[in-house]
Amino acid sequence: MSDKTERTFIMVKPDGVERGLIPEIMKRFQRKGYKLVAAKLMKADLDHVQEHYSDLKTKKFFPGLCKYMSEGPVFPMVWEGTDAVKQGRILLGETDPLKSLPGTIRGDFCINIGRNICHGSDGVDSAKKEIGHWFNKTELTDWKPTENAWIYE
Ligand code: DAT
Ligand code: MG
């Protein structure tokens, strides 16, 4: 594997969970060839979500965003592989689903920016921070998928 191996934090938001889209979103990362390192279904409290989105706390939509994110179950995950952070954002599509191309997760499954079904880290540093915020070290599984021999030259 190349030395650009990265981990990214991807989370199915409450609307994605309620709409039964956990398997669909996981499938996009699995079939690309990324390795699942961690995943769990949980309900996050308001403080936890506010910390996750602390960069956006001055935005008008911040209270509504945090309320929606803390009122239903979420499905946080960690995926690993070459260029996983940037490629993860490409798989997700644009923040605004109406600007997301068909074939991307947001382009295929949603309409409204406030209900865009999934989160993805926007950089390697934020990915590290987010992974640490949502998962304990013991929840991050160290393993070598046998299929990697067929995904990486
Ligand atoms: P992204 O999730 O693509 O990284 P972001 O970090 O700028 O986008 O914003 C976090 C989430 O906040 C985003 O997924 C949906 C919501 N959001 C962003 N801009 C918004 C807006 N103008 N109105 C309502 N919700 C918004
Ligand atoms: Mg963001």
# chains A, B, ... in the order shown; residues from 1 in each chain; ligands from 1
call {"tool": "residues_around", "arguments": {"residues": "Lys86 (chain A)", "least_positions_apart": "6", "cutoff": "12 Å", "atoms": "only C-alpha atoms", "output": "MDAnalysis selection string"}}
result
chainID A and resid 4:10 79:80 92:93 120:124 126:127
call {"tool": "write_last_selection", "arguments": {"atoms": "C-alpha atoms", "output": "PDB file, in the first residue's frame"}}
result
ATOM      1  CA  LYS A   4      -0.845   8.036   1.420  1.00  0.00           C
ATOM      2  CA  THR A   5      -2.869   5.646   3.557  1.00  0.00           C
ATOM      3  CA  GLU A   6      -5.378   7.722   5.514  1.00  0.00           C
ATOM      4  CA  ARG A   7      -8.332   7.258   7.804  1.00  0.00           C
ATOM      5  CA  THR A   8     -11.501   9.274   7.348  1.00  0.00           C
ATOM      6  CA  PHE A   9     -14.507   9.750   9.600  1.00  0.00           C
ATOM      7  CA  ILE A  10     -17.831   9.127   7.849  1.00  0.00           C
ATOM      8  CA  TRP A  79     -12.720   3.972   6.694  1.00  0.00           C
ATOM      9  CA  GLU A  80      -9.078   3.540   5.707  1.00  0.00           C
ATOM     10  CA  LEU A  92     -20.391  11.956  -0.578  1.00  0.00           C
ATOM     11  CA  GLY A  93     -20.851  14.767  -3.129  1.00  0.00           C
ATOM     12  CA  GLY A 120     -17.390  13.179   5.884  1.00  0.00           C
ATOM     13  CA  SER A 121     -14.135  14.672   7.195  1.00  0.00           C
ATOM     14  CA  ASP A 122     -12.818  17.588   5.135  1.00  0.00           C
ATOM     15  CA  GLY A 123      -9.096  17.059   5.852  1.00  0.00           C
ATOM     16  CA  VAL A 124      -6.593  14.655   7.377  1.00  0.00           C
ATOM     17  CA  SER A 126     -10.043  17.091  11.067  1.00  0.00           C
ATOM     18  CA  ALA A 127     -10.410  13.341  10.396  1.00  0.00           C
TER      19      ALA A 127
END
call {"tool": "select_by_dssp", "arguments": {"residues": "region 60-144 of chain A", "states": "strand (DSSP E)", "output": "list in words"}}
result
Phe75, Pro76, Met77, Val78, Trp79, Glu80, Gly81, Thr82, Cys118, His119 and Gly120 of chain A
call {"tool": "select_by_dssp", "arguments": {"residues": "chain A", "states": "alpha helix (DSSP H)", "output": "NGL selection string"}}
result
:A and (14-18 or 22-32 or 46-52 or 62-70 or 84-92 or 105-109 or 124-134 or 148-151)
call {"tool": "residues_around", "arguments": {"residues": "region 12-15 of chain A", "least_positions_apart": "5", "cutoff": "8 Å", "atoms": "only C-alpha atoms", "output": "PyMOL selection string"}}
result
chain A and resi 21-22+25+68-69+71-76+115-119
call {"tool": "write_last_selection", "arguments": {"atoms": "N, CA and C atoms", "output": "PDB file, in the first residue's frame"}}
result
ATOM      1  N   LEU A  21     -30.614   3.971   5.037  1.00  0.00           N
ATOM      2  CA  LEU A  21     -29.513   4.116   4.073  1.00  0.00           C
ATOM      3  C   LEU A  21     -28.133   3.719   4.623  1.00  0.00           C
ATOM      4  N   ILE A  22     -28.080   3.150   5.846  1.00  0.00           N
ATOM      5  CA  ILE A  22     -26.765   2.719   6.373  1.00  0.00           C
ATOM      6  C   ILE A  22     -26.086   1.735   5.396  1.00  0.00           C
ATOM      7  N   ILE A  25     -24.815   3.444   2.133  1.00  0.00           N
ATOM      8  CA  ILE A  25     -23.656   4.329   2.316  1.00  0.00           C
ATOM      9  C   ILE A  25     -22.403   3.490   2.590  1.00  0.00           C
ATOM     10  N   TYR A  68     -31.054  18.506  15.278  1.00  0.00           N
ATOM     11  CA  TYR A  68     -31.378  17.344  14.421  1.00  0.00           C
ATOM     12  C   TYR A  68     -30.370  16.220  14.585  1.00  0.00           C
ATOM     13  N   MET A  69     -29.110  16.546  14.735  1.00  0.00           N
ATOM     14  CA  MET A  69     -28.072  15.521  14.863  1.00  0.00           C
ATOM     15  C   MET A  69     -28.127  14.795  16.202  1.00  0.00           C
ATOM     16  N   GLU A  71     -31.081  14.295  17.933  1.00  0.00           N
ATOM     17  CA  GLU A  71     -32.426  13.772  18.223  1.00  0.00           C
ATOM     18  C   GLU A  71     -32.718  12.392  17.659  1.00  0.00           C
ATOM     19  N   GLY A  72     -31.817  11.858  16.876  1.00  0.00           N
ATOM     20  CA  GLY A  72     -32.023  10.509  16.344  1.00  0.00           C
ATOM     21  C   GLY A  72     -30.705   9.766  16.312  1.00  0.00           C
ATOM     22  N   PRO A  73     -30.760   8.469  16.036  1.00  0.00           N
ATOM     23  CA  PRO A  73     -29.517   7.701  15.996  1.00  0.00           C
ATOM     24  C   PRO A  73     -28.627   8.084  14.819  1.00  0.00           C
ATOM     25  N   VAL A  74     -27.347   8.014  15.059  1.00  0.00           N
ATOM     26  CA  VAL A  74     -26.356   8.230  14.006  1.00  0.00           C
ATOM     27  C   VAL A  74     -25.499   6.966  13.888  1.00  0.00           C
ATOM     28  N   PHE A  75     -24.784   6.858  12.762  1.00  0.00           N
ATOM     29  CA  PHE A  75     -23.953   5.669  12.532  1.00  0.00           C
ATOM     30  C   PHE A  75     -22.539   6.110  12.118  1.00  0.00           C
ATOM     31  N   PRO A  76     -21.699   6.439  13.128  1.00  0.00           N
ATOM     32  CA  PRO A  76     -20.328   6.850  12.814  1.00  0.00           C
ATOM     33  C   PRO A  76     -19.464   5.671  12.368  1.00  0.00           C
ATOM     34  N   ARG A 115     -30.701  18.235   5.338  1.00  0.00           N
ATOM     35  CA  ARG A 115     -31.003  16.801   5.503  1.00  0.00           C
ATOM     36  C   ARG A 115     -30.175  16.035   4.456  1.00  0.00           C
ATOM     37  N   ASN A 116     -28.837  16.220   4.560  1.00  0.00           N
ATOM     38  CA  ASN A 116     -27.973  15.662   3.505  1.00  0.00           C
ATOM     39  C   ASN A 116     -27.353  14.309   3.883  1.00  0.00           C
ATOM     40  N   ILE A 117     -27.952  13.642   4.812  1.00  0.00           N
ATOM     41  CA  ILE A 117     -27.812  12.215   5.203  1.00  0.00           C
ATOM     42  C   ILE A 117     -26.442  11.702   5.647  1.00  0.00           C
ATOM     43  N   CYS A 118     -25.360  12.424   5.367  1.00  0.00           N
ATOM     44  CA  CYS A 118     -24.059  11.872   5.767  1.00  0.00           C
ATOM     45  C   CYS A 118     -23.043  12.980   6.009  1.00  0.00           C
ATOM     46  N   HIS A 119     -22.076  12.651   6.858  1.00  0.00           N
ATOM     47  CA  HIS A 119     -20.954  13.544   7.153  1.00  0.00           C
ATOM     48  C   HIS A 119     -19.669  12.892   6.671  1.00  0.00           C
TER      49      HIS A 119
END
call {"tool": "closest_residue", "arguments": {"among": "A:Lys57, A:Asp96, A:Glu147, A:Met11", "to": "Ala39 (chain A)", "atoms": "only C-alpha atoms"}}
result
A:Met11
call {"tool": "closest_residue", "arguments": {"among": "A:Ser54, A:Pro145, A:Leu98, A:Asp125", "to": "Ile113 (chain A)", "atoms": "only C-alpha atoms"}}
result
A:Leu98
call {"tool": "closest_residue", "arguments": {"among": "A:Thr141, A:Thr95, A:Asn136, A:Thr146", "to": "ligand 1", "atoms": "only C-alpha atoms and all ligand atoms"}}
result
A:Thr95
call {"tool": "closest_residue", "arguments": {"among": "A:Trp143, A:Phe29, A:Tyr53, A:Trp134", "to": "ligand 1", "atoms": "only C-alpha atoms and all ligand atoms"}}
result
A:Tyr53
